[in-house]
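Okay, final_0.tsv is below, TSV, C-alpha atoms and all ligand atoms:
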chain	number	residue	atom	x	y	z
A	899	MET	CA	146.63	114.42	77.08
A	900	SER	CA	145.73	118.10	77.29
A	901	LYS	CA	142.92	119.95	79.00
A	902	LEU	CA	140.35	122.49	77.89
A	903	ASN	CA	138.09	124.53	80.15
A	904	VAL	CA	134.75	124.21	78.35
A	905	ASN	CA	131.36	125.27	79.67
A	906	GLY	CA	132.63	125.25	83.24
A	907	LYS	CA	134.35	121.85	83.11
A	908	LEU	CA	137.99	120.86	82.66
A	909	LEU	CA	137.96	118.25	79.89
A	910	ASP	CA	140.72	116.02	78.53
A	911	TYR	CA	141.52	115.73	74.86
A	912	VAL	CA	144.26	114.39	72.60
A	913	ALA	CA	145.12	116.16	69.36
A	914	ASP	CA	148.10	117.10	67.24
A	915	ASP	CA	149.44	120.62	67.66
A	916	GLY	CA	147.58	122.89	65.30
A	917	THR	CA	144.32	120.92	65.39
A	918	PRO	CA	141.57	123.56	65.33
A	919	LEU	CA	139.58	124.00	68.53
A	920	LEU	CA	136.42	123.43	66.46
A	921	TRP	CA	137.35	119.81	65.74
A	922	VAL	CA	138.25	119.07	69.35
A	923	LEU	CA	134.92	120.51	70.48
A	924	ARG	CA	132.89	118.61	67.90
A	925	GLU	CA	134.72	115.32	67.54
A	926	GLN	CA	136.30	114.70	70.94
A	927	LEU	CA	133.98	116.53	73.31
A	928	GLY	CA	130.73	115.90	71.42
A	929	LEU	CA	129.73	119.56	71.36
A	930	THR	CA	128.26	119.56	67.89
A	931	GLY	CA	126.25	122.76	68.26
A	932	THR	CA	129.30	124.63	66.99
A	933	LYS	CA	129.35	124.28	63.23
A	934	TYR	CA	131.90	124.01	60.42
A	935	GLY	CA	131.13	126.29	57.51
A	936	CYS	CA	134.22	127.58	55.72
A	937	GLY	CA	137.25	126.71	57.85
A	938	ILE	CA	138.91	130.03	57.03
A	939	ALA	CA	137.41	132.44	59.58
A	940	GLN	CA	134.94	133.91	57.12
A	941	CYS	CA	131.45	132.62	57.95
A	942	GLY	CA	131.28	132.62	61.75
A	943	ALA	CA	129.42	129.29	62.03
A	944	CYS	CA	132.13	128.07	64.40
A	945	THR	CA	131.96	131.04	66.81
A	946	VAL	CA	132.54	130.30	70.50
A	947	HIS	CA	133.48	132.57	73.40
A	948	ILE	CA	136.93	132.54	74.91
A	949	ASP	CA	136.84	134.48	78.17
A	950	GLY	CA	133.70	136.15	76.83
A	951	VAL	CA	135.20	137.23	73.51
A	952	PRO	CA	133.76	135.76	70.28
A	953	VAL	CA	136.38	133.68	68.47
A	954	ARG	CA	136.21	131.65	65.26
A	955	SER	CA	137.21	128.23	66.48
A	956	CYS	CA	138.04	126.85	63.02
A	957	VAL	CA	141.27	128.85	62.97
A	958	MET	CA	142.14	128.69	66.69
A	959	PRO	CA	144.51	125.82	67.54
A	960	ALA	CA	143.24	123.92	70.57
A	961	SER	CA	146.85	123.71	71.77
A	962	ALA	CA	146.89	127.52	72.09
A	963	MET	CA	144.25	127.34	74.85
A	964	LYS	CA	145.30	127.40	78.50
A	965	PRO	CA	143.13	125.57	81.06
A	966	THR	CA	142.54	128.95	82.70
A	967	GLN	CA	140.87	130.30	79.57
A	968	LYS	CA	137.13	129.78	79.73
A	969	ILE	CA	135.60	128.48	76.51
A	970	THR	CA	131.83	128.74	76.14
A	971	THR	CA	129.94	126.99	73.36
A	972	ILE	CA	126.27	127.30	72.46
A	973	GLU	CA	125.58	124.32	74.75
A	974	GLY	CA	126.99	126.25	77.72
A	975	LEU	CA	125.39	129.60	77.02
A	976	SER	CA	122.40	128.84	79.26
A	977	ALA	CA	121.05	125.69	80.84
A	978	THR	CA	117.62	125.89	79.19
A	979	GLY	CA	117.97	128.18	76.19
A	980	SER	CA	116.92	131.07	78.39
A	981	HIS	CA	119.51	133.71	77.53
A	982	PRO	CA	117.60	136.83	76.39
A	983	ILE	CA	119.19	136.49	72.95
A	984	GLN	CA	117.96	132.89	72.68
A	985	LYS	CA	114.46	133.95	73.79
A	986	ALA	CA	114.40	136.76	71.24
A	987	TRP	CA	115.58	134.33	68.54
A	988	LEU	CA	112.61	132.08	69.33
A	989	ALA	CA	110.10	134.90	69.66
A	990	LEU	CA	111.07	136.37	66.29
A	991	ASP	CA	111.51	132.97	64.61
A	992	VAL	CA	114.98	133.90	63.40
A	993	PRO	CA	116.37	130.51	62.26
A	994	GLN	CA	115.59	129.15	58.82
A	995	CYS	CA	117.74	126.05	58.13
A	996	GLY	CA	119.53	126.81	61.40
A	997	PHE	CA	123.06	125.93	60.33
A	998	CYS	CA	124.59	129.34	61.01
A	999	GLN	CA	122.48	130.16	64.04
A	1000	SER	CA	124.60	128.95	66.94
A	1001	GLY	CA	127.45	131.09	65.62
A	1002	MET	CA	125.08	134.02	65.17
A	1003	ILE	CA	123.83	133.65	68.73
A	1004	MET	CA	127.34	133.45	70.17
A	1005	ALA	CA	128.32	136.63	68.29
A	1006	ALA	CA	125.10	138.38	69.36
A	1007	THR	CA	125.42	137.47	73.05
A	1008	ALA	CA	128.96	138.84	73.11
A	1009	LEU	CA	127.72	142.03	71.42
A	1010	VAL	CA	124.93	142.78	73.92
A	1011	LYS	CA	127.26	142.05	76.82
A	1012	ASP	CA	129.74	144.56	75.44
A	1013	LYS	CA	127.13	147.06	74.19
A	1014	PRO	CA	123.81	146.65	76.05
A	1015	ASN	CA	122.05	149.07	73.69
A	1016	PRO	CA	123.61	148.44	70.29
A	1017	THR	CA	122.85	150.65	67.31
A	1018	ASP	CA	122.32	149.28	63.82
A	1019	LYS	CA	125.91	150.28	63.08
A	1020	ASP	CA	127.16	148.37	66.14
A	1021	ILE	CA	125.23	145.32	64.95
A	1022	ASP	CA	126.58	145.60	61.41
A	1023	GLU	CA	130.13	145.85	62.71
A	1024	ALA	CA	129.85	142.96	65.18
A	1025	MET	CA	127.67	140.58	63.20
A	1026	THR	CA	129.91	139.60	60.31
A	1027	ASN	CA	128.56	136.03	60.31
A	1028	ILE	CA	127.26	134.72	57.00
A	1029	CYS	CA	123.77	133.22	56.64
A	1030	ARG	CA	122.94	131.51	53.35
A	1031	CYS	CA	119.23	131.71	54.25
A	1032	GLY	CA	119.39	135.51	54.59
A	1033	THR	CA	118.15	135.88	58.17
A	1034	TYR	CA	120.01	139.16	58.61
A	1035	ASN	CA	116.96	141.38	59.13
A	1036	ARG	CA	115.52	139.08	61.78
A	1037	VAL	CA	118.92	138.77	63.47
A	1038	ARG	CA	119.04	142.55	63.74
A	1039	SER	CA	115.49	142.77	65.08
A	1040	ALA	CA	116.13	140.01	67.61
A	1041	ILE	CA	119.23	141.73	68.92
A	1042	HIS	CA	117.28	144.97	69.43
A	1043	THR	CA	114.46	143.01	71.10
A	1044	ALA	CA	116.84	141.20	73.44
A	1045	ALA	CA	118.58	144.46	74.33
A	1046	ARG	CA	115.21	146.02	75.24
A	1047	GLU	CA	114.26	142.98	77.33
A	1048	MET	CA	117.57	143.07	79.17
A	1049	ALA	CA	117.22	146.79	79.86
A	1050	ALA	CA	113.65	146.28	81.11
A	1051	ALA	CA	114.74	143.39	83.34
A	1052	LYS	CA	117.25	145.67	85.03
A	1053	THR	CA	114.41	147.98	86.05
A	1054	GLY	CA	112.43	145.04	87.45
A	1055	ALA	CA	109.87	145.09	84.61
A	1056	LYS	CA	108.34	141.72	83.76
A	1057	PRO	CA	109.87	140.26	80.58
A	1058	LYS	CA	107.38	140.24	77.67
A	1059	LEU	CA	109.03	137.66	75.49
A	1060	VAL	CA	108.31	134.62	77.65
A	1061	SER	CA	104.63	134.64	76.78
A	1062	GLU	CA	105.37	135.25	73.09
A	1063	LEU	CA	107.68	132.29	72.56
A	1064	GLY	CA	107.04	130.09	69.56
A	1065	LYS	CA	107.79	126.61	70.91
A	1066	SER	CA	108.84	125.01	67.64
A	1067	VAL	CA	111.04	122.00	68.44
A	1068	LEU	CA	113.08	122.72	65.33
A	1069	ASN	CA	113.83	126.23	66.41
A	1070	ILE	CA	114.59	125.29	70.01
A	1071	GLU	CA	117.22	122.89	68.65
A	1072	HIS	CA	118.70	125.68	66.60
A	1073	ILE	CA	119.12	128.07	69.50
A	1074	SER	CA	120.43	125.53	72.01
A	1075	GLY	CA	122.97	123.60	69.96
A	1076	ASP	CA	121.00	120.32	70.01
A	1077	GLN	CA	121.17	120.07	66.22
A	1078	ALA	CA	124.25	118.03	65.21
B	1101	LIG	S1	133.86	127.65	59.93
B	1101	LIG	FE1	134.92	129.08	61.12
B	1101	LIG	S2	134.48	130.99	60.26
B	1101	LIG	FE2	133.54	129.55	58.90
B	1102	LIG	S1	119.58	130.01	58.88
B	1102	LIG	FE1	120.29	128.84	57.18
B	1102	LIG	S2	122.35	129.45	56.97
B	1102	LIG	FE2	121.54	130.83	58.39
What would you get if you wrote out this structure as structure tokens?
Ligand code: FES
Ligand code: FES
Amino acid sequence: MSKLNVNGKLLDYVADDGTPLLWVLREQLGLTGTKYGCGIAQCGACTVHIDGVPVRSCVMPASAMKPTQKITTIEGLSATGSHPIQKAWLALDVPQCGFCQSGMIMAATALVKDKPNPTDKDIDEAMTNICRCGTYNRVRSAIHTAAREMAAAKTGAKPKLVSELGKSVLNIEHISGDQA
């Protein structure tokens, strides 16, 4: 029995050495918001944070994780889908089929934490995730929107996005990891 520190909890799992973190998250811990796309670190659907850094969990052996390393999945990003990136995703209706979106959101949240005012070039360099539905333009717009909201919040300005949210159940599932 080994332990992983996921979304603030120490959780037990059993897996052979070399089993990708993605499969432990999905199949043993029930965190199915993180998706399998390619299995070779190309698409980004499986992106999680390890100590705040975006990592492609399909190529990261679970056995390489220490219990002191904090893993965050889309389910642990915010309690109610209220991270500014998630709000911007809803406001701009970014998801189409939704499959790639939890990975996109995990990459985007790491980006705005690292670079609170990202340029288009910063976004292009950080957002290497693949979307078969072609949501790239909306992803870019949502990142800029979230960055503006976060900057405004620091000055005490009232966030604008809350009143603009489209409350589509489908889209809320796509930004919170509720879609299996
Ligand atoms: S499933 Fe991990 S990068 Fe595609
Ligand atoms: S929204 Fe369909 S794959 Fe990206």
Quick one: residues within 7 Å of ligand LIG 1102 (chain B), with all atoms listed in the file, as a JSON list (two decimals) with C-alpha atoms, keeping the file's coordinate frame?
[["chain", "number", "residue", "atom", "x", "y", "z"],
["A", 993, "PRO", "CA", 116.37, 130.51, 62.26],
["A", 994, "GLN", "CA", 115.59, 129.15, 58.82],
["A", 995, "CYS", "CA", 117.74, 126.05, 58.13],
["A", 996, "GLY", "CA", 119.53, 126.81, 61.40],
["A", 997, "PHE", "CA", 123.06, 125.93, 60.33],
["A", 998, "CYS", "CA", 124.59, 129.34, 61.01],
["A", 999, "GLN", "CA", 122.48, 130.16, 64.04],
["A", 1029, "CYS", "CA", 123.77, 133.22, 56.64],
["A", 1030, "ARG", "CA", 122.94, 131.51, 53.35],
["A", 1031, "CYS", "CA", 119.23, 131.71, 54.25],
["A", 1032, "GLY", "CA", 119.39, 135.51, 54.59],
["A", 1033, "THR", "CA", 118.15, 135.88, 58.17]]
Top pick for closest residue to A:Thr930, considering A:Met899, A:Val904, A:Ile972, A:Ala1040 and counting all atoms listed in the file:
A:Ile972
Identify, counting all atoms listed in the file, the protein, DNA and RNA residues located within 8 Å of ligand LIG 1101 (chain B), and give them as a PyMOL selection string.
chain A and resi 920+933-945+954-957+1027
Using only C-alpha atoms, can you tell me which of A:Pro1016, A:Gly916, A:Ala1078, A:Leu990 comes closest to A:Asn1035?
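That would be A:Leu990, the residue with the smallest distance to A:Asn1035.
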Can you tell me, as a PyMOL selection string, which residues sit within 12 Å of (125.1, 136.3, 73.2) in the file's frame, using all atoms listed in the file?
chain A and resi 945-947+950-952+970-972+974-976+979-987+999-1014+1024-1025+1037+1040-1041+1044-1045+1048+1073-1074
Distance criterion (only C-alpha atoms): nearest to A:Pro965 out of A:Thr917, A:Asn903, A:Gln926, A:Thr978:
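That would be A:Asn903, the residue with the smallest distance to A:Pro965.
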Do you have the atom CA of A:Asn905-atom CA of A:Trp921 distance handy?
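Distance reported for this atom pair: 16.1 Å.
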Have a look at atom CA of A:Asp949 and atom CA of A:Leu929 and let me know their distance in Å, one decimal.
17.9 Å
What is the distance between atom CA of A:Lys1019 and atom CA of A:Lys1056, in Å to one decimal?
28.5 Å
